[in-house]
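Shown below: my_file_27.txt, with compact mmCIF, C-alpha atoms.
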```txt
# COMPACT_ATOMS: atom_id res chain seq x y z
CA MET W 83 17.24 -3.71 -43.21
CA SER W 84 16.34 -2.46 -46.66
CA ARG W 85 12.61 -1.82 -46.77
CA ARG W 86 11.38 -2.51 -50.28
CA CYS W 87 8.20 -0.60 -50.97
CA PRO W 88 6.20 -2.11 -53.77
CA GLU W 89 5.86 1.33 -55.41
CA LEU W 90 9.59 1.50 -55.97
CA ALA W 91 9.78 -1.74 -57.80
CA ALA W 92 6.70 -0.74 -59.74
CA LEU W 93 8.28 2.58 -60.65
CA ALA W 94 11.26 0.79 -62.03
CA LEU W 95 8.98 -1.41 -64.03
CA ALA W 96 7.04 1.59 -65.24
CA ALA W 97 10.18 3.11 -66.62
CA PHE W 98 10.81 -0.22 -68.21
CA LEU W 99 7.36 -0.39 -69.78
CA ILE W 100 7.27 3.18 -70.97
CA GLY W 101 10.51 2.58 -72.78
CA ALA W 102 9.40 -0.60 -74.48
CA GLY W 103 8.22 0.79 -77.76
CA PRO W 104 7.40 -0.90 -81.04
CA ALA W 105 10.12 -2.82 -82.77
CA SER W 106 12.41 -0.53 -84.75
CA ASP W 107 15.30 -1.10 -87.05
CA GLU W 108 17.67 -1.76 -84.20
CA PRO W 109 20.37 -4.34 -84.80
CA THR W 110 20.14 -7.73 -83.16
CA ALA W 111 23.75 -7.74 -82.02
CA PRO W 112 26.26 -5.15 -80.79
CA TRP W 113 26.88 -2.39 -83.30
CA THR W 114 30.30 -2.60 -84.88
CA GLY W 115 30.16 0.58 -86.96
CA ASP W 116 31.20 4.05 -85.83
CA PRO W 117 30.12 4.10 -82.18
CA HIS W 118 29.46 7.81 -82.44
CA ALA W 119 26.33 7.74 -84.57
CA PRO W 120 22.56 8.14 -84.39
CA LEU W 121 20.89 5.61 -82.11
CA PRO W 122 17.89 3.32 -82.40
CA ALA W 123 14.80 4.07 -80.32
CA SER W 124 14.65 0.73 -78.60
CA ILE W 125 16.51 -2.27 -77.33
CA ALA W 126 14.74 -5.60 -77.68
CA GLY W 127 14.29 -7.45 -74.41
CA GLY W 128 15.16 -4.39 -72.37
CA GLY W 129 13.78 -0.94 -71.74
CA VAL W 130 14.70 2.59 -72.64
CA VAL W 131 14.68 5.05 -69.79
CA HIS W 132 14.74 8.81 -70.21
CA THR W 133 15.89 11.49 -67.83
CA ASP W 134 12.77 12.08 -65.72
CA ALA W 135 12.09 8.39 -65.25
CA LEU W 136 15.72 7.72 -64.44
CA ARG W 137 15.70 10.48 -61.88
CA ALA W 138 12.63 8.90 -60.29
CA LEU W 139 14.20 5.50 -60.39
CA ILE W 140 17.35 6.69 -58.65
CA ALA W 141 15.41 8.68 -56.09
CA SER W 142 13.17 5.78 -55.20
CA GLY W 143 15.19 2.66 -55.64
CA ALA W 144 18.74 1.65 -56.07
CA PRO W 145 19.36 0.65 -59.64
CA LEU W 146 22.82 -0.45 -60.56
CA LEU W 147 24.18 2.40 -62.68
CA LEU W 148 26.77 1.32 -65.22
CA ASP W 149 28.72 3.93 -67.16
CA VAL W 150 30.51 2.34 -70.11
CA ALA W 151 32.01 5.51 -71.61
CA ALA W 152 35.48 5.10 -73.09
CA ARG W 153 38.67 6.12 -71.34
CA ALA W 154 40.95 8.53 -73.18
CA GLU W 155 44.42 7.09 -73.68
CA ARG W 156 47.44 9.23 -74.32
CA PRO W 157 48.29 8.85 -78.01
CA GLU W 158 51.82 7.88 -78.91
CA GLY W 159 53.75 10.53 -80.74
CA LEU W 160 52.34 13.54 -78.95
CA ALA W 161 54.76 16.38 -79.63
CA PRO W 162 57.14 17.16 -76.78
CA GLY W 163 55.85 20.19 -74.95
CA ASN W 164 52.28 19.39 -75.78
CA VAL W 165 50.01 18.69 -72.86
CA TRP W 166 47.92 15.64 -72.04
CA ILE W 167 45.65 16.30 -69.10
CA PRO W 168 42.40 14.36 -69.39
CA PRO W 169 39.71 16.03 -67.33
CA PRO W 170 38.34 13.98 -64.43
CA HIS W 171 35.84 11.45 -65.74
CA ARG W 172 32.39 12.47 -64.58
CA ASP W 173 29.22 10.44 -64.50
CA ILE W 174 25.95 10.06 -62.62
CA THR W 175 26.52 9.91 -58.86
CA GLY W 176 26.71 6.35 -57.62
CA SER W 177 27.68 4.87 -60.96
CA VAL W 178 30.29 2.25 -61.60
CA TRP W 179 32.55 3.09 -64.54
CA LEU W 180 33.32 0.09 -66.72
CA PRO W 181 35.11 1.50 -69.77
CA GLY W 182 35.63 -0.78 -72.75
CA PHE W 183 32.73 -3.21 -72.39
CA GLY W 184 30.54 -1.42 -74.91
CA ARG W 185 32.90 -1.78 -77.85
CA GLY W 186 31.51 -3.35 -80.98
CA ALA W 187 33.48 -6.52 -80.52
CA LEU W 188 34.86 -8.03 -77.33
CA ALA W 189 37.33 -10.85 -76.96
CA ALA W 190 35.81 -13.88 -75.21
CA GLU W 191 37.72 -13.15 -72.01
CA GLU W 192 36.58 -9.50 -72.02
CA ALA W 193 32.97 -10.58 -72.49
CA SER W 194 33.15 -12.97 -69.55
CA ALA W 195 34.99 -10.38 -67.44
CA PHE W 196 32.11 -7.98 -68.09
CA GLN W 197 29.51 -10.52 -66.96
CA ALA W 198 31.58 -11.37 -63.89
CA ARG W 199 31.91 -7.71 -62.91
CA VAL W 200 28.19 -7.10 -63.26
CA ALA W 201 27.34 -10.31 -61.38
CA ALA W 202 29.59 -9.19 -58.53
CA LEU W 203 28.07 -5.70 -58.49
CA ALA W 204 24.52 -7.11 -58.51
CA ASN W 205 25.32 -9.84 -55.99
CA GLY W 206 24.21 -12.33 -58.59
CA ASP W 207 20.64 -11.00 -58.49
CA HIS W 208 19.48 -11.28 -62.09
CA ASP W 209 16.32 -9.33 -61.27
CA ARG W 210 18.31 -6.28 -60.21
CA THR W 211 17.47 -3.18 -62.23
CA ILE W 212 20.54 -2.20 -64.23
CA VAL W 213 20.81 1.11 -66.05
CA VAL W 214 23.48 1.34 -68.75
CA TYR W 215 24.62 4.61 -70.28
CA CYS W 216 27.58 6.53 -71.71
CA HIS W 217 27.22 9.64 -73.86
CA GLU W 218 24.53 11.00 -76.12
CA ARG W 219 24.74 9.66 -79.68
CA CYS W 220 26.92 6.83 -78.45
CA TRP W 221 26.43 3.15 -79.16
CA LEU W 222 28.69 1.88 -76.39
CA SER W 223 25.85 1.83 -73.87
CA TRP W 224 23.47 0.15 -76.29
CA ASN W 225 26.07 -2.54 -76.94
CA ALA W 226 26.74 -3.15 -73.25
CA ALA W 227 23.01 -3.28 -72.51
CA ARG W 228 22.54 -5.71 -75.41
CA ARG W 229 25.19 -7.98 -73.90
CA LEU W 230 23.53 -7.94 -70.49
CA ILE W 231 20.09 -8.71 -71.89
CA ASP W 232 21.50 -11.54 -73.96
CA ALA W 233 23.25 -12.92 -70.89
CA GLY W 234 19.96 -13.20 -69.01
CA TRP W 235 19.71 -10.05 -66.91
CA HIS W 236 15.98 -9.40 -66.65
CA HIS W 237 15.72 -5.69 -65.95
CA VAL W 238 18.16 -3.88 -68.15
CA LEU W 239 17.37 -0.25 -68.90
CA TRP W 240 19.26 1.76 -71.48
CA TYR W 241 19.63 5.50 -70.96
CA PRO W 242 20.49 6.89 -74.43
CA GLU W 243 20.77 10.54 -73.37
CA GLY W 244 23.89 9.72 -71.38
CA VAL W 245 25.84 12.16 -69.23
CA GLU W 246 25.08 15.06 -71.55
CA GLY W 247 21.35 14.47 -71.23
CA TRP W 248 21.65 14.12 -67.49
CA GLU W 249 23.70 17.26 -67.05
CA GLY W 250 21.61 19.13 -69.61
CA ALA W 251 18.53 18.45 -67.50
CA GLY W 252 20.19 20.17 -64.56
CA GLN W 253 21.31 17.03 -62.77
CA ALA W 254 24.68 16.73 -61.10
CA LEU W 255 27.56 14.64 -62.32
CA ALA W 256 30.28 13.42 -59.98
CA ALA W 257 33.94 12.71 -60.67
CA THR W 258 34.76 9.01 -60.65
CA ARG W 259 37.96 7.21 -59.97
CA MET I 200 4.60 -7.10 -65.84
CA ILE I 201 2.47 -4.62 -63.97
CA PRO I 202 -1.13 -3.78 -64.82
CA ARG I 203 -1.58 -0.85 -67.20
CA ARG I 204 -3.92 0.92 -64.77
CA ASP I 205 -1.02 1.56 -62.40
CA LEU I 206 0.90 3.57 -64.95
CA PRO I 207 -0.67 7.03 -64.36
CA LEU I 208 0.09 6.76 -60.64
CA LEU I 209 3.63 5.76 -61.35
CA LEU I 210 4.12 8.59 -63.80
CA LEU I 211 2.89 11.01 -61.17
CA GLY I 212 5.42 9.55 -58.78
CA GLY I 213 8.11 10.22 -61.34
CA ALA I 214 6.97 13.81 -61.77
CA LEU I 215 7.00 14.49 -58.04
CA VAL I 216 10.59 13.51 -57.50
CA ALA I 217 11.65 15.28 -60.68
CA ALA I 218 11.96 18.81 -59.25
CA ARG I 219 15.59 19.44 -58.34
CA PRO I 220 17.74 22.54 -58.24
CA ALA I 221 19.85 23.55 -61.24
CA TRP I 222 23.61 23.28 -60.99
CA ALA I 223 24.58 26.09 -63.29
CA ASP I 224 26.85 27.93 -60.85
CA ASP I 225 28.52 24.70 -59.94
CA ASP I 226 29.22 24.01 -63.60
CA GLU I 227 30.67 27.44 -64.10
CA ASP I 228 33.00 26.89 -61.16
CA LYS I 229 34.09 23.58 -62.60
CA ARG I 230 34.76 25.09 -65.99
CA ALA I 231 36.75 27.91 -64.43
CA ALA I 232 38.79 25.39 -62.44
CA ARG I 233 39.46 23.37 -65.59
CA TRP I 234 40.58 26.48 -67.48
CA LYS I 235 43.00 27.31 -64.67
CA GLU I 236 44.45 23.80 -64.82
CA VAL I 237 44.74 23.82 -68.60
CA ARG I 238 46.06 27.36 -68.78
CA GLU I 239 48.79 26.61 -66.24
CA ALA I 240 49.77 23.42 -68.08
CA ILE I 241 50.13 25.28 -71.38
CA PHE I 242 51.22 28.77 -70.40
CA GLY I 243 52.69 28.27 -66.93
CA ASP I 244 52.25 31.32 -64.74
CA ARG I 245 51.99 33.83 -67.61
CA ALA I 246 49.15 36.28 -67.15
CA ILE I 247 46.29 36.08 -69.63
CA GLY I 248 44.26 39.23 -70.17
CA ASP I 249 40.90 39.91 -71.75
CA GLY I 250 41.31 39.60 -75.50
CA THR I 251 37.95 40.93 -76.63
CA SER I 252 39.42 43.82 -78.62
CA VAL I 253 42.18 41.73 -80.19
CA VAL I 254 40.92 38.22 -80.91
CA GLY I 255 37.65 36.45 -81.66
CA LEU I 256 36.44 32.84 -81.65
CA ASP I 257 33.60 31.78 -83.93
CA ALA I 258 32.10 28.34 -83.32
CA PRO I 259 28.58 26.97 -83.14
CA PRO I 260 26.84 26.85 -79.75
CA ARG I 261 26.07 23.19 -80.37
CA ALA I 262 27.99 20.95 -82.74
CA GLU I 263 26.12 18.90 -85.32
CA ASP I 264 29.03 16.50 -85.42
CA ALA I 265 31.52 16.49 -82.57
CA ALA I 266 34.13 14.98 -84.88
CA LEU I 267 33.94 17.93 -87.24
CA VAL I 268 33.40 21.20 -85.43
CA PRO I 269 34.12 24.30 -87.51
CA VAL I 270 36.07 26.96 -85.65
CA ALA I 271 37.26 30.37 -86.83
CA LEU I 272 40.05 32.23 -85.07
CA LEU I 273 39.70 35.93 -85.75
CA VAL I 274 42.44 38.47 -85.22
CA LYS I 275 41.04 41.98 -84.92
CA ASP I 276 44.36 43.71 -84.47
CA PRO I 277 46.68 41.94 -86.93
CA ALA I 278 49.62 44.30 -86.47
CA ARG I 279 49.86 43.41 -82.76
CA VAL I 280 49.47 39.64 -82.96
CA SER I 281 52.22 37.10 -83.67
CA GLY I 282 50.22 33.92 -83.06
CA VAL I 283 47.04 32.36 -81.79
CA TYR I 284 46.39 29.27 -79.65
CA LEU I 285 43.16 27.31 -79.82
CA VAL I 286 42.45 25.59 -76.52
CA ILE I 287 39.58 23.12 -76.09
CA ASP I 288 39.48 22.92 -72.32
CA GLY I 289 37.56 19.65 -72.04
CA ASN I 290 39.68 17.62 -74.43
CA PRO I 291 42.33 15.37 -72.88
CA GLY I 292 44.87 17.11 -75.11
CA PRO I 293 43.45 20.61 -74.78
CA LEU I 294 45.94 22.49 -76.95
CA ALA I 295 44.25 21.85 -80.28
CA ALA I 296 46.27 24.25 -82.39
CA HIS I 297 49.00 26.83 -82.19
CA VAL I 298 49.34 29.11 -85.18
CA HIS I 299 52.47 31.24 -85.69
CA PHE I 300 51.89 33.94 -88.28
CA GLY I 301 54.67 34.75 -90.73
CA ALA I 302 55.49 37.94 -92.61
CA LEU I 303 53.05 37.26 -95.44
CA ALA I 304 50.12 36.10 -93.30
CA ASP I 305 46.83 37.90 -93.17
CA PRO I 306 45.90 36.72 -89.67
CA ARG I 307 42.41 38.19 -89.61
CA ARG I 308 40.64 34.88 -90.18
CA LEU I 309 41.91 31.31 -89.73
CA THR I 310 39.53 28.37 -89.86
CA LEU I 311 39.92 24.78 -88.69
CA ARG I 312 37.75 21.74 -88.03
CA VAL I 313 38.30 20.13 -84.68
CA ARG I 314 37.09 17.32 -82.44
CA VAL I 315 35.35 18.19 -79.21
CA ASP I 316 35.01 15.53 -76.52
CA GLN I 317 32.45 17.04 -74.19
CA TYR I 318 30.50 20.17 -73.35
CA THR I 319 33.29 22.63 -72.79
CA ASP I 320 34.70 26.11 -72.92
CA MET I 321 37.06 26.80 -75.79
CA HIS I 322 39.61 29.60 -75.70
CA ALA I 323 41.34 31.58 -78.41
CA VAL I 324 44.53 32.99 -76.93
CA ALA I 325 46.36 35.61 -78.94
CA GLU I 326 50.05 36.22 -78.36
CA THR I 327 51.15 39.77 -79.09
CA ARG I 328 54.49 40.77 -80.52
CA ASP I 329 55.48 42.15 -77.13
CA GLY I 330 54.73 38.79 -75.48
CA ALA I 331 51.34 39.38 -73.87
CA LEU I 332 48.58 36.75 -73.90
CA LEU I 333 44.99 37.82 -74.48
CA ALA I 334 42.05 35.42 -74.54
CA VAL I 335 38.38 35.09 -75.37
CA SER I 336 36.18 32.07 -74.66
CA HIS I 337 33.20 30.28 -76.15
CA PHE I 338 31.03 27.56 -74.60
CA ILE I 339 30.15 24.70 -76.91
CA LYS I 340 27.82 21.73 -76.55
CA ALA I 341 29.45 18.81 -78.29
CA ALA I 342 29.95 15.26 -77.17
CA GLY I 343 32.45 13.15 -78.99
CA GLY I 344 33.87 11.40 -75.97
CA CYS I 345 31.91 8.28 -76.80
CA SER I 346 34.80 6.55 -78.45
CA THR I 347 36.31 9.74 -79.51
CA PRO I 348 35.02 10.40 -82.94
CA MET I 349 36.71 9.44 -86.14
CA GLY I 350 34.92 11.57 -88.66
CA SER I 351 31.76 11.18 -90.60
CA GLN I 352 32.94 8.39 -92.82
CA LEU I 353 35.76 6.00 -92.44
CA ASP I 354 37.81 7.36 -95.27
CA ALA I 355 40.56 6.59 -92.91
CA SER I 356 42.84 4.85 -95.33
CA LEU I 357 46.37 6.10 -95.23
CA ALA I 358 46.89 5.23 -98.88
CA ASP I 359 46.30 8.76 -100.13
CA ALA I 360 47.41 10.55 -96.97
CA GLY I 361 49.18 13.77 -97.70
CA PHE I 362 47.23 14.52 -100.87
CA MET I 363 46.58 18.28 -100.86
CA ARG I 364 44.36 20.73 -102.62
CA LEU I 365 44.31 24.50 -102.42
CA ARG I 366 41.41 26.75 -103.23
CA LEU I 367 41.79 30.49 -103.44
CA ILE I 368 38.70 32.37 -102.42
CA GLY I 369 38.43 35.60 -104.33
CA PRO I 370 40.70 37.32 -106.83
CA VAL I 371 44.47 37.46 -106.46
CA ALA I 372 46.25 40.77 -106.82
CA PRO I 373 49.85 41.58 -105.87
CA GLY I 374 50.03 43.11 -102.43
CA GLN I 375 46.38 42.36 -101.70
CA PRO I 376 45.31 39.83 -99.04
CA VAL I 377 43.47 36.76 -100.27
CA GLN I 378 41.78 33.90 -98.41
CA ALA I 379 42.76 30.32 -99.17
CA LEU I 380 41.49 26.91 -98.14
CA LEU I 381 44.05 24.14 -97.82
CA MET I 382 42.64 20.60 -97.74
CA VAL I 383 44.89 17.75 -96.65
CA ARG I 384 43.95 14.09 -96.84
CA HIS I 385 44.90 12.50 -93.53
CA PRO I 386 42.82 10.33 -91.17
CA ASN I 387 44.39 11.98 -88.12
CA PHE I 388 43.90 8.80 -86.11
CA ASN I 389 43.74 9.62 -82.42
CA GLY I 390 44.40 6.05 -81.26
CA MET I 391 40.82 5.54 -80.08
CA GLN I 392 39.23 4.72 -83.39
CA MET I 393 38.43 1.16 -84.21
CA ASP I 394 39.32 -0.53 -87.46
CA PRO I 395 36.00 -1.88 -88.77
CA VAL I 396 37.68 -4.90 -90.32
CA THR I 397 40.11 -6.06 -87.67
CA ARG I 398 38.06 -4.54 -84.80
CA ASN I 399 41.31 -3.46 -83.21
CA TYR I 400 42.18 0.05 -82.23
CA THR I 401 44.08 1.91 -84.89
CA PRO I 402 47.34 3.34 -83.54
CA ALA I 403 47.45 7.12 -83.23
CA ARG I 404 48.83 8.85 -86.28
CA PHE I 405 48.16 12.52 -86.68
CA ILE I 406 49.41 15.72 -88.24
CA GLN I 407 51.87 17.59 -86.06
CA THR I 408 52.88 20.53 -88.23
CA VAL I 409 51.73 22.33 -91.33
CA ASP I 410 54.18 24.89 -92.71
CA ILE I 411 52.96 27.30 -95.34
CA GLY I 412 55.21 29.70 -97.23
CA PHE I 413 55.20 31.81 -100.35
CA GLU I 414 58.34 32.04 -102.48
CA GLY I 415 60.55 31.36 -99.48
CA GLN I 416 58.79 33.73 -97.09
CA PRO I 417 56.75 32.37 -94.19
CA VAL I 418 52.96 32.58 -94.22
CA LEU I 419 52.16 30.49 -91.18
CA ARG I 420 53.03 27.42 -89.21
CA LEU I 421 50.38 25.31 -87.51
CA ASP I 422 51.25 22.95 -84.65
CA SER I 423 48.48 20.53 -83.85
CA ASP I 424 47.60 17.05 -82.64
CA ILE I 425 44.68 14.65 -82.35
CA SER I 426 42.15 17.43 -81.81
CA LEU I 427 42.29 18.23 -85.51
CA ALA I 428 39.50 16.48 -87.43
CA SER I 429 40.16 13.87 -90.11
CA ASP I 430 41.06 15.35 -93.50
CA PRO I 431 42.04 18.77 -92.16
CA ALA I 432 40.75 21.82 -93.96
CA ILE I 433 42.67 24.95 -93.00
CA GLY I 434 41.40 28.32 -94.10
CA PHE I 435 43.88 31.20 -93.90
CA GLY I 436 44.71 34.54 -95.39
CA PHE I 437 47.97 35.69 -96.97
CA THR I 438 49.25 38.55 -99.05
CA PRO I 439 51.24 37.49 -102.13
CA PRO I 440 53.58 40.34 -103.15
CA LYS I 441 53.65 39.01 -106.72
CA ALA I 442 52.80 35.89 -108.71
CA GLY I 443 54.56 32.79 -107.37
CA LYS I 444 54.25 29.50 -105.60
CA LEU I 445 52.60 28.80 -102.28
CA THR I 446 54.47 25.94 -100.64
CA VAL I 447 53.04 23.59 -98.05
CA ALA I 448 54.92 21.06 -95.91
CA VAL I 449 52.96 18.65 -93.74
CA ARG I 450 54.53 16.33 -91.19
CA ASP I 451 52.74 13.71 -89.09
CA SER I 452 53.51 11.92 -85.84
CA SER I 453 55.02 8.94 -87.65
CA GLY I 454 57.63 11.23 -89.20
CA ALA I 455 56.07 11.06 -92.66
CA ALA I 456 56.25 14.35 -94.55
CA TRP I 457 54.56 15.66 -97.66
CA HIS I 458 55.39 18.72 -99.76
CA GLU I 459 53.29 20.52 -102.30
CA ALA I 460 53.50 23.76 -104.27
CA PHE I 461 50.58 25.67 -105.73
CA ASP I 462 50.72 28.37 -108.35
CA VAL I 463 49.30 31.66 -107.20
CA ALA I 464 48.93 34.03 -110.10
CA PRO I 465 46.94 37.22 -110.46
CA LEU I 466 44.09 37.11 -112.92
CA SER I 467 45.27 39.05 -115.92
```
Write-out of the structure in structure tokens:
Amino acid sequence: MSRRCPELAALALAAFLIGAGPASDEPTAPWTGDPHAPLPASIAGGGVVHTDALRALIASGAPLLLDVAARAERPEGLAPGNVWIPPPHRDITGSVWLPGFGRGALAAEEASAFQARVAALANGDHDRTIVVYCHERCWLSWNAARRLIDAGWHHVLWYPEGVEGWEGAGQALAATR
Amino acid sequence: MIPRRDLPLLLLGGALVAARPAWADDDEDKRAARWKEVREAIFGDRAIGDGTSVVGLDAPPRAEDAALVPVALLVKDPARVSGVYLVIDGNPGPLAAHVHFGALADPRRLTLRVRVDQYTDMHAVAETRDGALLAVSHFIKAAGGCSTPMGSQLDASLADAGFMRLRLIGPVAPGQPVQALLMVRHPNFNGMQMDPVTRNYTPARFIQTVDIGFEGQPVLRLDSDISLASDPAIGFGFTPPKAGKLTVAVRDSSGAAWHEAFDVAPLS
């Protein structure tokens, strides 16, 4: 069945290693401030992956791609006659969209639902490479990655450039459900 | 962990798979399809012509802060134009503003600060007095879709909502156009911002209309929604025929309304 070349796993690890920089002033827990704000350069216990390495990782292996970007909800009180037509949500091909799990604070049941979803997607394999992202300048992905690392997932990569970085580098995005 | 000596090889591997075609044409098609969808939702089947000679749209190519993107709507042929729409194609509520110019408006330059969710085309659509629609577009790189931005600081308290200031830019003379900047305190909550204390989402509450008049004559009316940035700052031009009061009425989605009057007097 699936032939696992050692290079592929090594490539994933390389991305992991390259990203593991010196300790910075990153928080130790999910960020509860404005989620749309400058980001730290690192995530303790996990790796940071940038566009080229992510591209290589996707081409060579099969990381679990988790998009935790928020979903736009129709605001109450929109004037009659105004339009509400959210564009199709787009993310990196093959991703699973899990909106909401990167918020600064999660209720206990949301936190366990997140872990359960990821466990199901990874078939319980805690060594599975998981890439978490959302948008550029967006803490939601950092928060979700933080939660996975803390819950004992061993190969969590954070992709801070998000869909804008991916698309900006000439890579395709696909519409998700 | 893998041995350090393997890294160069691995990096090379990364470089080899990196070469992929660009998707520019594809993106352009997608943006055109989105504009068609948005245009039909807002304007139905009305034709929209090229507005280059009538209307302009000034905005940065890349936003420093997606929660606070400065936009200028320029009317090059004021006598022909009765109103302007600002459409941000990629926002879930793409009709960011609709400005109706009144008798005393100087429509040549109107400025706003808006929220932009993603890399998108924006359109300024002018409506002429004979009912034609004419548009220009501008592509902007901005990404606020993260949580949908709330503004640079969380001065989001509603306590002083509706507080207004007016600044006149340049001298006032009867019958001469003057530029003004109206600043309104209002968080313009879009329903996606989180309260830092309770950690709950703050319900949407945003400005729906701003009506500006001078001594009973209309200057302009702005219809807007959550695309307007927190603490709106609206720059506009008007022509006071004499000394008098500029009146402003602001109404938000909760039904709250605020009224203010500002003295506009020529320098003697």
Give me, as number ranges by chain, the contact residues of chain W against chain I at a cut-off of 9 Å, counting all atoms listed in the file.
-> W: 89, 92-93, 95-97, 99-100, 114-119, 134-139, 141-142, 151-161, 163-169, 185-188, 216-222, 246, 249, 251-254
Quick one: 5 Å padding each side, axis-aligned, all listed atoms of stretch 404-409 of chain I - centre and edge lengths in Å to one decimal, as JSON?
```
{"center_x": 50.5, "center_y": 15.6, "center_z": -88.7, "size_x": 14.7, "size_y": 23.5, "size_z": 15.3}
```
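The protein and nucleic acid residues lying at most 6 Å from W:Trp240 are Val130, Val131, Val213 and Val214 of chain W, with only C-alpha atoms considered and sequence neighbours fewer than 3 positions away removed.
The two atoms in question, atom CA of W:Leu230 and atom CA of W:Val200, are spaced 8.6 Å apart.
Nearest to I:Asp305 of all the residues I:Asp430, I:Asp276, I:Glu239, I:Asp410 is I:Asp276, counting only C-alpha atoms.
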Near I:Tyr284, within 9 Å and counting all atoms listed in the file, which residues show up once chain neighbours fewer than 5 positions away are dropped, as a list in words?
-> Leu272, Leu294, Ala295, Ala296, His297, Val298, His299, His322, Ala323, Val324, Ala325 and Glu326 of chain I
Just give me the gap between atom CA of W:Leu255 and atom CA of W:Glu192 in Å, one decimal is fine.
->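 Between these atoms lies a distance of 27.5 Å.
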Just give me the gap between atom CA of I:Asn387 and atom CA of I:Ala358 in Å, one decimal is fine.
->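 Atom CA of I:Ala358 lies at a distance of 12.9 Å from atom CA of I:Asn387.
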N, CA and C atoms for stretch 426-440 of chain I, written as a PDB file, in the frame of the given file, could you do that?
```pdb
ATOM      1  N   SER I 426      43.399  16.660 -81.835  1.00  0.00           N
ATOM      2  CA  SER I 426      42.150  17.430 -81.810  1.00  0.00           C
ATOM      3  C   SER I 426      41.723  17.894 -83.188  1.00  0.00           C
ATOM      4  N   LEU I 427      42.634  17.856 -84.141  1.00  0.00           N
ATOM      5  CA  LEU I 427      42.290  18.230 -85.510  1.00  0.00           C
ATOM      6  C   LEU I 427      41.451  17.110 -86.125  1.00  0.00           C
ATOM      7  N   ALA I 428      40.384  17.479 -86.825  1.00  0.00           N
ATOM      8  CA  ALA I 428      39.500  16.480 -87.430  1.00  0.00           C
ATOM      9  C   ALA I 428      40.211  15.745 -88.570  1.00  0.00           C
ATOM     10  N   SER I 429      39.664  14.597 -88.939  1.00  0.00           N
ATOM     11  CA  SER I 429      40.160  13.870 -90.110  1.00  0.00           C
ATOM     12  C   SER I 429      40.100  14.767 -91.337  1.00  0.00           C
ATOM     13  N   ASP I 430      41.008  14.556 -92.267  1.00  0.00           N
ATOM     14  CA  ASP I 430      41.060  15.350 -93.500  1.00  0.00           C
ATOM     15  C   ASP I 430      40.998  16.841 -93.207  1.00  0.00           C
ATOM     16  N   PRO I 431      42.050  17.364 -92.579  1.00  0.00           N
ATOM     17  CA  PRO I 431      42.040  18.770 -92.160  1.00  0.00           C
ATOM     18  C   PRO I 431      41.781  19.734 -93.317  1.00  0.00           C
ATOM     19  N   ALA I 432      40.989  20.730 -93.020  1.00  0.00           N
ATOM     20  CA  ALA I 432      40.750  21.820 -93.960  1.00  0.00           C
ATOM     21  C   ALA I 432      41.116  23.103 -93.212  1.00  0.00           C
ATOM     22  N   ILE I 433      42.134  23.783 -93.707  1.00  0.00           N
ATOM     23  CA  ILE I 433      42.670  24.950 -93.000  1.00  0.00           C
ATOM     24  C   ILE I 433      42.448  26.181 -93.872  1.00  0.00           C
ATOM     25  N   GLY I 434      41.640  27.075 -93.374  1.00  0.00           N
ATOM     26  CA  GLY I 434      41.400  28.320 -94.100  1.00  0.00           C
ATOM     27  C   GLY I 434      42.299  29.409 -93.531  1.00  0.00           C
ATOM     28  N   PHE I 435      42.958  30.169 -94.394  1.00  0.00           N
ATOM     29  CA  PHE I 435      43.880  31.200 -93.900  1.00  0.00           C
ATOM     30  C   PHE I 435      43.973  32.316 -94.924  1.00  0.00           C
ATOM     31  N   GLY I 436      44.517  33.420 -94.485  1.00  0.00           N
ATOM     32  CA  GLY I 436      44.710  34.540 -95.390  1.00  0.00           C
ATOM     33  C   GLY I 436      46.201  34.812 -95.574  1.00  0.00           C
ATOM     34  N   PHE I 437      46.584  35.277 -96.757  1.00  0.00           N
ATOM     35  CA  PHE I 437      47.970  35.690 -96.970  1.00  0.00           C
ATOM     36  C   PHE I 437      48.003  36.769 -98.036  1.00  0.00           C
ATOM     37  N   THR I 438      49.127  37.439 -98.109  1.00  0.00           N
ATOM     38  CA  THR I 438      49.250  38.550 -99.050  1.00  0.00           C
ATOM     39  C   THR I 438      50.421  38.270 -99.991  1.00  0.00           C
ATOM     40  N   PRO I 439      50.140  37.754-101.192  1.00  0.00           N
ATOM     41  CA  PRO I 439      51.240  37.490-102.130  1.00  0.00           C
ATOM     42  C   PRO I 439      51.747  38.814-102.715  1.00  0.00           C
ATOM     43  N   PRO I 440      53.056  39.071-102.611  1.00  0.00           N
ATOM     44  CA  PRO I 440      53.580  40.340-103.150  1.00  0.00           C
ATOM     45  C   PRO I 440      53.619  40.329-104.676  1.00  0.00           C
TER      46      PRO I 440
END
```
